[in-house]
Structure formats: structure tokens, C-alpha cells
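Undergrad: I'd like to ask some things about the structure below.
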Amino acid sequence: MVAWGGSCRAAQKLKDSDCLTCHGDSTLTTDENGKQVSLYVDKDKLKHSFHGRLFGCVDCHTDVKSLAHDAPPKKITCAGCHEAAQQAYARSMHAKPVKAGAALGATCVDCHGSAQGVLTPGDPASPVNHANIPVTCGRCHGQKFITSSNGDSAQAFVSYQASVHGRAIENGSQKAAVCTDCHGAHEILAANEDKSPINKFNVPATCGKCHADVTQTFMASIHGQGIARGNGLAPVCTDCHGIHSIKKHEDPNSPVAGKNLSQDTCARCHEGVRLSQEFGLPGNRVTSYMDSYHGLASKGGSVVAANCSSCYGVHNILPSSDPRSTINHANLGATCGQCHKGVTQKFTLTRVHLGDGTQNRDIDSVITRWVRLIYVPLIVIVIGGMFLHNLIIWRSKLAARRRAHSAVVVRMTVNQRWQHLVLFTSFIILVITGFALKFPNTWFAHVFGMGEHLRGIIHRIAGVALVSAGIYHVFYVIRSREGRRLIVDIAPRPADGFDALKAMRYYLGLSAEKPEFGRFNYAEKAEYWALVWGTGLTGITGVIIWAKVWVGNLLALWWVDVATAIHYYEAILATLAIVVWHFYQVFFDPDVYPMNGAWWDGKMPLDHYRDEHGLDTEAPALSESPQAGRAGDTEPPSEAPAD
């Protein structure tokens, strides 16, 4: 009886309570790799799990036949019950790294939890419950290690959280799309695989699971027809709305928001040459739109000006030859009438994309071309004639005003005037050619019809001229008597700060005492030394940019990047300083208006010089006689680069 009883007990199926005799505490063991693992089974979790309610321990651990098992049970697989899911998983991107032995591949446990705690998808606590899917996927795809290990980015998860779908799930929606709705559950495939739901040609059907009406409309459109024919250039939902970062069209950051639609979203296809080469469509539709009233108003911030979708539709875009198209001639009245109430058929005859570069023969295009052909030369002739007329009068009046002063002081010698001429000529050329690179769509880029190659050559020649003038000036102030005296007189002194304060008090009406200055006042000194600093800095950084390969190899490429930033911002500073500071002293100061001619002939009226530089005692003694001031430029009482 004893033997028989023992044999019966061995043949009986083990109960969970039998297993929990050992596995109900914190028992540890060692696996085949020598690593300690826990044998603990949570009774409560097992009891409430899906598996616990249907199966016992040995239903999964089928190799366990008795309570005493010296060898560790074999690792269980889910395929025994979930064969279809296992086969789908085996084809997925998750299974590939697991098969290759990588530690980062997701397994059943990573998504569903351990076997003893598996809950049904309908359970709110289940990690694969619809509302919990983003968090479950985010445990891997929201972590930085994904990026460093296999090149995937965690940005997709971050973008989804901020998307209209992610926010809806966060607010409790049970219908908003989650990761598995688009990527699938077990058979997750790469986008370049034909069967992947996120393959470009499958995206409309994937989105259509939720947006069926929109997808039906889209597939009937010219874009949808292209996708149905296998044309990979045709856009799908994600090309316009984004992938993970989908936002409402009212959101200003959405690619389908009114202000972004034309310039950014539609322009990606309809502004380039790709479509024109493949299908013969005009490639500058967006440019011609932006030049129209609608485009200019939209660029100016209008929220009611028509954009691409206002005329062509949103998902129902069709060619104008299609009777259903919103831009078909029969339908233009209704389309334009959305904004322009009461329009007639005549109103709709006008072309919208007038400036699209095509030689259309319709009446409005022909007349518009003739208007352009007439007005462009007319503007050049009329405005050019006006400019020449005023220049002749201005020059005559300026000469007469300067002749009225019988006594003059030679402010700049011939040598200094030539230095100044090279300086300002090269500077102006540098400004135009430099900003032409930074702002290619402005008038800077179109002066003299420059291409990039010619612009670069001219810019470098002007840079060499400017630096050469600076080097010459250094030798000039060292070797010549005039130069040495210039440096002595223009050197900054502590008194210059007090002079600036006195000048402001006087011109603000806070003091009745007008300040007096020597040969150079504080403003002229500041401008001269700013010029020295700016020329040296732009010259050095310009050489670094020019010799970027040599500098990058010798030091590091970031030196070139820093030099480029300094070069650009120093150019802005110098240009604005010339316009605001120097042009005032040369043109807009009421005492010299319309122009201080010292840069041209070197002369300055004696009375003006005494008023501005009364402390320069040497000038009056040499300039009292009118003949002294007109004698020439060889021995002037005062000389400077510019006034």
C-alpha cells in the first residue's frame, strides 16, 4: 500500500499550492550562467493574473513532474498557447536583436509583464491596455540608450507625447491612436518593408482605420491616385501632417497651420524642380503665390488671406481639368466666393499664378508682360533722369557754398584722402558682397548680376584692398611726420570722457557753456580707433575663413566657425556705425549739410573749423589768409582721415 500510494502521488498533476511550498518565499538559485535568480512567485499577482485564473504552474512548466527537481526547469515559451502571435513576433524588428543575442530586443515579458502577472488588454492595469501602450513602448523608446545602441532616436516618443494623439490619450481618450495602432502589435516591421503599416504606400490605409472618411476622400484626389499607381513622389498623410508630432491645424507649430502650409508644407514638392522634371508641372508655384496679394498678406500675418488649401482643397485636391476640382473653371465662382462674396464668372477668368515664368497667351498674361516691358525701362529712365538732375544741382550748390568761404583749413592731405578713398570703396564693396551671401534673396545678391563665384572673388579682392590700406596706414603713422602727429593728436585721453559729458549737457540745454575741442574731438577719436579695431578683427577672421582647410587642419574646425560668427557680427556693427555715426558727421550734421567736402578736396571753412576745434591753436595762424588756405596740401595746419 505504501508503494502504491507513493506511485499514485508521483503520477498526480502538481498543484500550485505544492509549487508555492518552495516558491512562495524569497528562494534564490543559480542559472546556467552562474547568475543568481529569484524563484519567488507573488501569490496575489498570480491569483489575479489571466494565467493564474486558467492555468496552473505545470501547464507552462511542462517538464516539471515532481516536487523534487534537481535540474532547473526549462525556460518556458509563449508559443505553446500563442502560436500565431509568436510567429508574427518572430518576423518583427523586436525579434531580430533577440535572435542575434542582443540584450536590447523586446520580448513578450517586456510588454506583457512576467507570465505570473499577465493581465488581459482590457484590464486598466495591463501594460498593453490601450491607454498604457505609450508608456509601455516609452520604457525603451523614450530612453537615451536606444539612440546610442542601435541608432534609433528617443525623439519619436517625445514628439508623440506632445502630439494631438498623445495629448488625447493623456486626457483619457480610448480612441486616439497609440503606437500599436500604427506600427502593429506583434509583427512590427520597418517602414521600408512592403507589409509594414507605416510603409509609405500603406500609410493612408493605416490612418484610415480611424479617419476613414478622410482617407476615402484622399485616395480619390490626385495625390491618392499617385500613391495607388505606386508613385513614391506623391505625398501621403505623414508628409503633410507629420509622423509622431501630429498637431491640430489650429496649432501655429503644425505644418498644416495656415501660416506654414504654403511656404513650408506645399513648397517641399511644388517649389522645386523635382515635379517639373518628372511630370512637367511648374516648379515655382509657391514663389508666384508669395508674390501675389494673398501671399504678401499671409507673410504679413493675415489669418484670412487665402493659402493653397483655400483654393485647391485639403484632402480632395484634383487637377483643374477634373470637373470635381475646386479650381475647375466651372467651380471657381464658388471657390473664390468663399472670401470674395458676389463674384461673377468674369472675376474668375484672371490667372492666379501670374508670375510663374510660363509664356501664357491668355489676354491678362500678354498685357501684364507688355506692362512690365514698358515700365521697367520707364522707371530706369525717369528715376535715373531725376537723380542726374538733382545731382547736377546739388553739386553746383555745394561748390558755390564752399566758394563763399574765403578762408579755409586743409583738413586732409592728398595722401590721407587717397587712403580714405581706398578705405570706403573697399568697405562698401565688402558690405554688399558679404551680405549678399547671408541674405541671398535681397537686393545685395543681385547687384551687378553677381553669381556666387563672382561674388566670392570680388569680396576677397575688396578684403585684400582693405587690409592693404590698413597695413599701409601703419607704416604711414610710423614713418611720416604727418602720421606721427596724427597718432599723437588722435590718441585717447581721460579728458575725452568729460568732453562727451559736457557736450551732452550743452546740447540738452543743461549748460550754457559750449565745450571746445582740439584737433580731434571725442567722437572722431572713437571712430578712428573703432576703425582700427574693426579692420584688424575682420581682417584676421576673414583670413581664417578664407584658409579654412589649413586652419581646420592646424587647429580645429570650430576656430573657423567662431571666426565666421565674429566676422558676421563685426560687419553688422561696422556697417551700422558708419550709417549712424559717420554719415551724420559727413552728411546730416546741420553745420556741414549737405556734405562735408573734406574727404574730396581736403578743405574745411576756417570759421567752421574754429567753431569745432577752437583749442587747436596751430590752425588759425596758418590759415588767416585766404591764399594760405588755397595754397595747396603740402603743409596743412591740420590733417585727419575724415571729419
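Residues are referred to by chain and number: the chain letter is A, B, ... according to the order shown in the C-alpha cells, the number counts from 1 in that chain, and ligands are numbered separately from 1 in the order shown.
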Just the alpha helix (DSSP H) stuff from stretch 223-466 of chain A, please, per backbone DSSP, written as a ChimeraX atom specification.
TA: /A:223-228,237-241,258-260,267-270,274-279,285-290,293-299,308-312,332-337,363-403,414-438,452-466
Undergrad: Any idea what's packed within 9 Å of A:Asp601, counting only C-alpha atoms, ignoring anything in its chain fewer than 6 positions away? Could you give it as an MDAnalysis selection string?
TA: chainID A and resid 410:414 417
Undergrad: Emit the selected residues as a PDB file, in the first residue's frame, including all heavy atoms.
TA:
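Result file follows (part-v9.pdb):
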ATOM      1  N   VAL A 410      43.186 123.245 -44.514  1.00  0.00           N
ATOM      2  CA  VAL A 410      43.368 121.948 -45.155  1.00  0.00           C
ATOM      3  C   VAL A 410      43.265 120.877 -44.077  1.00  0.00           C
ATOM      4  O   VAL A 410      44.160 120.718 -43.254  1.00  0.00           O
ATOM      5  CB  VAL A 410      44.722 121.866 -45.885  1.00  0.00           C
ATOM      6  CG1 VAL A 410      44.899 120.471 -46.482  1.00  0.00           C
ATOM      7  CG2 VAL A 410      44.804 122.919 -46.968  1.00  0.00           C
ATOM      8  N   ARG A 411      42.154 120.172 -44.102  1.00  0.00           N
ATOM      9  CA  ARG A 411      41.860 119.182 -43.065  1.00  0.00           C
ATOM     10  C   ARG A 411      42.475 117.822 -43.384  1.00  0.00           C
ATOM     11  O   ARG A 411      42.847 117.075 -42.500  1.00  0.00           O
ATOM     12  CB  ARG A 411      40.336 119.061 -42.946  1.00  0.00           C
ATOM     13  CG  ARG A 411      39.847 118.106 -41.876  1.00  0.00           C
ATOM     14  CD  ARG A 411      40.158 118.584 -40.506  1.00  0.00           C
ATOM     15  NE  ARG A 411      39.395 117.858 -39.497  1.00  0.00           N
ATOM     16  CZ  ARG A 411      39.757 117.746 -38.238  1.00  0.00           C
ATOM     17  NH1 ARG A 411      40.888 118.314 -37.816  1.00  0.00           N
ATOM     18  NH2 ARG A 411      39.004 117.094 -37.381  1.00  0.00           N
ATOM     19  N   MET A 412      42.561 117.478 -44.674  1.00  0.00           N
ATOM     20  CA  MET A 412      43.118 116.190 -45.084  1.00  0.00           C
ATOM     21  C   MET A 412      44.078 116.404 -46.244  1.00  0.00           C
ATOM     22  O   MET A 412      43.758 117.103 -47.210  1.00  0.00           O
ATOM     23  CB  MET A 412      42.013 115.214 -45.512  1.00  0.00           C
ATOM     24  CG  MET A 412      41.058 114.818 -44.413  1.00  0.00           C
ATOM     25  SD  MET A 412      39.741 113.707 -45.003  1.00  0.00           S
ATOM     26  CE  MET A 412      40.672 112.235 -45.370  1.00  0.00           C
ATOM     27  N   THR A 413      45.241 115.796 -46.175  1.00  0.00           N
ATOM     28  CA  THR A 413      46.214 115.886 -47.258  1.00  0.00           C
ATOM     29  C   THR A 413      45.806 114.953 -48.397  1.00  0.00           C
ATOM     30  O   THR A 413      44.900 114.128 -48.256  1.00  0.00           O
ATOM     31  CB  THR A 413      47.606 115.487 -46.756  1.00  0.00           C
ATOM     32  OG1 THR A 413      47.585 114.102 -46.406  1.00  0.00           O
ATOM     33  CG2 THR A 413      48.020 116.314 -45.540  1.00  0.00           C
ATOM     34  N   VAL A 414      46.513 115.085 -49.515  1.00  0.00           N
ATOM     35  CA  VAL A 414      46.242 114.221 -50.663  1.00  0.00           C
ATOM     36  C   VAL A 414      46.451 112.760 -50.280  1.00  0.00           C
ATOM     37  O   VAL A 414      45.664 111.870 -50.621  1.00  0.00           O
ATOM     38  CB  VAL A 414      47.156 114.599 -51.848  1.00  0.00           C
ATOM     39  CG1 VAL A 414      46.996 113.585 -52.987  1.00  0.00           C
ATOM     40  CG2 VAL A 414      46.833 115.995 -52.342  1.00  0.00           C
ATOM     41  N   ARG A 417      43.596 111.535 -48.207  1.00  0.00           N
ATOM     42  CA  ARG A 417      42.362 111.395 -48.985  1.00  0.00           C
ATOM     43  C   ARG A 417      42.390 110.121 -49.828  1.00  0.00           C
ATOM     44  O   ARG A 417      41.364 109.459 -50.008  1.00  0.00           O
ATOM     45  CB  ARG A 417      42.143 112.629 -49.865  1.00  0.00           C
ATOM     46  CG  ARG A 417      41.937 113.911 -49.064  1.00  0.00           C
ATOM     47  CD  ARG A 417      41.186 114.957 -49.848  1.00  0.00           C
ATOM     48  NE  ARG A 417      41.853 115.378 -51.056  1.00  0.00           N
ATOM     49  CZ  ARG A 417      42.791 116.330 -51.126  1.00  0.00           C
ATOM     50  NH1 ARG A 417      43.192 116.951 -50.017  1.00  0.00           N
ATOM     51  NH2 ARG A 417      43.328 116.672 -52.273  1.00  0.00           N
TER      52      ARG A 417
END
Undergrad: Mind pulling up the distance from atom CA of A:His61 to atom CA of A:Val118?
TA: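 Interatomic distance, atom CA of A:Val118 to atom CA of A:His61: 15.9 Å.
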Undergrad: Write out as JSON, numbers by chain each polymer residue whose atoms come within 12 Å of stretch 455-470 of chain A, counting only C-alpha atoms; drop sequence neighbours fewer than 2 positions from it.
TA: {"A": [415, 416, 417, 418, 419, 420, 421, 422, 423, 424, 425, 426, 427, 428, 429, 430, 431, 432, 433, 434, 435, 436, 437, 438, 440, 444, 445, 446, 447, 448, 449, 450, 451, 452, 453, 472, 473, 474, 475, 476, 477, 528, 531, 532, 533, 534, 535, 536, 537, 538, 539, 540, 541, 542, 543, 545, 546, 547, 567]}
Undergrad: At a cut-off of 8 Å, using only C-alpha atoms, what residues contact stretch 259-261 of chain A? Leave out same-chain residues fewer than 5 positions from it and give the result as a PyMOL selection string.
TA: chain A and resi 252+254+266+298-299+301+303+307-309
Undergrad: Rank nothing, just name the residue among A:Ala305, A:Val286, A:Ala400, A:Cys60 nearest to A:Gln263, using only C-alpha atoms.
TA: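 When distances to A:Gln263 are compared using only C-alpha atoms, the smallest one comes from A:Val286.
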Undergrad: I want to know what sits within 10 Å of stretch 496-510 of chain A, based on only C-alpha atoms, with residues of the same chain fewer than 6 positions away left out; could you give that as a list of chain:residue names?
TA: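 My reading of the contact set: A:Glu516, A:Phe517, A:Asn521, A:Tyr522, A:Ala523, A:Lys525, A:Ala526.
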Undergrad: Could you give me, as a list in words, the residues within 9 Å of A:Ile246, counting only C-alpha atoms and dropping anything in the same chain fewer than 2 positions from it?
TA: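 Counting only C-alpha atoms, the residues come to Ser159, Tyr160, Ala162, Ser163, Val164, His165, Thr238, His241, Gly242, Ile243, His244, Lys248, Ser254 and Pro255 of chain A.
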Undergrad: Do a neighbour search on A:Ala334 at 12 Å with only C-alpha atoms, toss out local chain neighbours closer than 2 positions, and write the hits as a VMD selection string.
TA: chain A and resid 310 to 311 325 to 332 336 to 345 347 to 348
Undergrad: Those same residues - all heavy atoms - I'd like them written as a short mmCIF file (atom, residue, chain, number, x, y, z; two decimals), in the first residue's frame.
TA:
data_model
loop_
_atom_site.label_atom_id
_atom_site.label_comp_id
_atom_site.auth_asym_id
_atom_site.auth_seq_id
_atom_site.Cartn_x
_atom_site.Cartn_y
_atom_site.Cartn_z
N SER A 310 -7.01 76.93 -49.44
CA SER A 310 -8.22 77.72 -49.64
C SER A 310 -8.77 77.55 -51.04
O SER A 310 -9.98 77.59 -51.26
CB SER A 310 -7.93 79.20 -49.37
OG SER A 310 -7.39 79.40 -48.07
N CYS A 311 -7.87 77.38 -52.01
CA CYS A 311 -8.30 77.27 -53.40
C CYS A 311 -8.30 75.82 -53.90
O CYS A 311 -9.23 75.41 -54.60
CB CYS A 311 -7.38 78.10 -54.30
SG CYS A 311 -7.33 79.86 -53.86
N SER A 325 -12.88 69.29 -59.39
CA SER A 325 -11.83 70.12 -58.79
C SER A 325 -12.37 71.48 -58.38
O SER A 325 -13.17 72.10 -59.10
CB SER A 325 -10.69 70.30 -59.78
OG SER A 325 -9.76 71.25 -59.30
N THR A 326 -11.91 71.97 -57.25
CA THR A 326 -12.33 73.30 -56.77
C THR A 326 -11.76 74.41 -57.64
O THR A 326 -12.23 75.55 -57.56
CB THR A 326 -11.87 73.50 -55.32
OG1 THR A 326 -10.46 73.25 -55.23
CG2 THR A 326 -12.60 72.57 -54.38
N ILE A 327 -10.73 74.10 -58.45
CA ILE A 327 -10.17 75.13 -59.33
C ILE A 327 -10.56 74.89 -60.79
O ILE A 327 -10.03 75.54 -61.68
CB ILE A 327 -8.63 75.19 -59.20
CG1 ILE A 327 -8.00 73.83 -59.52
CG2 ILE A 327 -8.23 75.69 -57.83
CD1 ILE A 327 -6.49 73.89 -59.66
N ASN A 328 -11.48 73.98 -61.03
CA ASN A 328 -12.06 73.84 -62.36
C ASN A 328 -12.83 75.13 -62.66
O ASN A 328 -13.46 75.72 -61.77
CB ASN A 328 -12.99 72.63 -62.40
CG ASN A 328 -13.58 72.41 -63.78
OD1 ASN A 328 -14.61 73.00 -64.12
ND2 ASN A 328 -12.95 71.55 -64.56
N HIS A 329 -12.79 75.59 -63.91
CA HIS A 329 -13.41 76.88 -64.24
C HIS A 329 -14.88 76.94 -63.84
O HIS A 329 -15.37 78.00 -63.44
CB HIS A 329 -13.27 77.15 -65.75
CG HIS A 329 -11.90 77.59 -66.14
ND1 HIS A 329 -11.35 78.78 -65.71
CD2 HIS A 329 -10.95 76.99 -66.91
CE1 HIS A 329 -10.13 78.91 -66.21
NE2 HIS A 329 -9.85 77.84 -66.94
N ALA A 330 -15.55 75.82 -63.92
CA ALA A 330 -16.97 75.82 -63.56
C ALA A 330 -17.18 76.01 -62.06
O ALA A 330 -18.27 76.41 -61.62
CB ALA A 330 -17.61 74.51 -64.01
N ASN A 331 -16.15 75.73 -61.27
CA ASN A 331 -16.29 75.79 -59.80
C ASN A 331 -15.57 76.99 -59.19
O ASN A 331 -15.65 77.19 -57.97
CB ASN A 331 -15.73 74.51 -59.18
CG ASN A 331 -16.41 73.27 -59.69
OD1 ASN A 331 -17.61 73.29 -59.98
ND2 ASN A 331 -15.67 72.18 -59.82
N LEU A 332 -14.87 77.77 -59.99
CA LEU A 332 -14.09 78.88 -59.44
C LEU A 332 -14.96 79.94 -58.77
O LEU A 332 -14.54 80.58 -57.81
CB LEU A 332 -13.23 79.53 -60.53
CG LEU A 332 -11.93 78.80 -60.87
CD1 LEU A 332 -11.23 79.48 -62.03
CD2 LEU A 332 -11.02 78.76 -59.65
N CYS A 336 -13.75 81.06 -55.20
CA CYS A 336 -13.38 82.45 -54.91
C CYS A 336 -14.43 83.12 -54.03
O CYS A 336 -14.11 84.01 -53.23
CB CYS A 336 -13.21 83.25 -56.20
SG CYS A 336 -11.89 82.63 -57.28
N GLY A 337 -15.70 82.70 -54.21
CA GLY A 337 -16.78 83.30 -53.45
C GLY A 337 -16.73 83.02 -51.97
O GLY A 337 -17.45 83.66 -51.19
N GLN A 338 -15.89 82.06 -51.55
CA GLN A 338 -15.74 81.81 -50.12
C GLN A 338 -15.22 83.05 -49.39
O GLN A 338 -15.59 83.30 -48.24
CB GLN A 338 -14.78 80.65 -49.88
CG GLN A 338 -15.27 79.31 -50.40
CD GLN A 338 -14.21 78.24 -50.23
OE1 GLN A 338 -14.27 77.44 -49.29
NE2 GLN A 338 -13.23 78.24 -51.11
N CYS A 339 -14.38 83.80 -50.06
CA CYS A 339 -13.83 85.03 -49.47
C CYS A 339 -14.41 86.28 -50.13
O CYS A 339 -14.70 87.27 -49.47
CB CYS A 339 -12.31 85.05 -49.60
SG CYS A 339 -11.45 83.69 -48.78
N HIS A 340 -14.54 86.23 -51.47
CA HIS A 340 -15.00 87.40 -52.24
C HIS A 340 -16.47 87.22 -52.59
O HIS A 340 -16.81 86.67 -53.64
CB HIS A 340 -14.16 87.57 -53.50
CG HIS A 340 -12.68 87.61 -53.25
ND1 HIS A 340 -12.05 88.73 -52.77
CD2 HIS A 340 -11.72 86.65 -53.37
CE1 HIS A 340 -10.75 88.48 -52.63
NE2 HIS A 340 -10.53 87.22 -52.98
N LYS A 341 -17.32 87.65 -51.71
CA LYS A 341 -18.75 87.45 -51.89
C LYS A 341 -19.24 88.20 -53.12
O LYS A 341 -18.84 89.34 -53.39
CB LYS A 341 -19.52 87.94 -50.65
CG LYS A 341 -19.08 87.28 -49.35
CD LYS A 341 -19.28 85.77 -49.38
CE LYS A 341 -18.87 85.13 -48.06
NZ LYS A 341 -18.98 83.65 -48.09
N GLY A 342 -20.10 87.55 -53.89
CA GLY A 342 -20.73 88.19 -55.04
C GLY A 342 -19.90 88.18 -56.31
O GLY A 342 -20.18 88.96 -57.23
N VAL A 343 -18.86 87.33 -56.39
CA VAL A 343 -18.03 87.31 -57.59
C VAL A 343 -18.81 86.72 -58.76
O VAL A 343 -19.72 85.91 -58.58
CB VAL A 343 -16.74 86.48 -57.36
CG1 VAL A 343 -15.92 87.08 -56.25
CG2 VAL A 343 -17.06 85.03 -57.08
N THR A 344 -18.45 87.17 -59.95
CA THR A 344 -19.07 86.66 -61.16
C THR A 344 -18.06 85.82 -61.94
O THR A 344 -16.89 85.71 -61.55
CB THR A 344 -19.55 87.83 -62.05
OG1 THR A 344 -18.41 88.59 -62.46
CG2 THR A 344 -20.51 88.73 -61.27
N GLN A 345 -18.51 85.28 -63.08
CA GLN A 345 -17.64 84.44 -63.88
C GLN A 345 -16.45 85.24 -64.42
O GLN A 345 -15.34 84.71 -64.55
CB GLN A 345 -18.44 83.82 -65.03
CG GLN A 345 -17.69 82.76 -65.82
CD GLN A 345 -17.41 81.51 -64.99
OE1 GLN A 345 -18.10 81.26 -64.02
NE2 GLN A 345 -16.39 80.76 -65.38
N PHE A 347 -14.84 87.59 -62.98
CA PHE A 347 -13.84 87.74 -61.92
C PHE A 347 -12.89 86.55 -61.88
O PHE A 347 -11.70 86.69 -61.63
CB PHE A 347 -14.55 87.89 -60.57
CG PHE A 347 -13.62 88.05 -59.39
CD1 PHE A 347 -13.21 89.30 -58.98
CD2 PHE A 347 -13.18 86.93 -58.69
CE1 PHE A 347 -12.36 89.44 -57.89
CE2 PHE A 347 -12.33 87.06 -57.60
CZ PHE A 347 -11.93 88.33 -57.20
N THR A 348 -13.41 85.39 -62.17
CA THR A 348 -12.61 84.16 -62.05
C THR A 348 -11.74 83.89 -63.26
O THR A 348 -10.99 82.91 -63.28
CB THR A 348 -13.53 82.96 -61.82
OG1 THR A 348 -14.36 82.76 -62.98
CG2 THR A 348 -14.42 83.17 -60.61
#
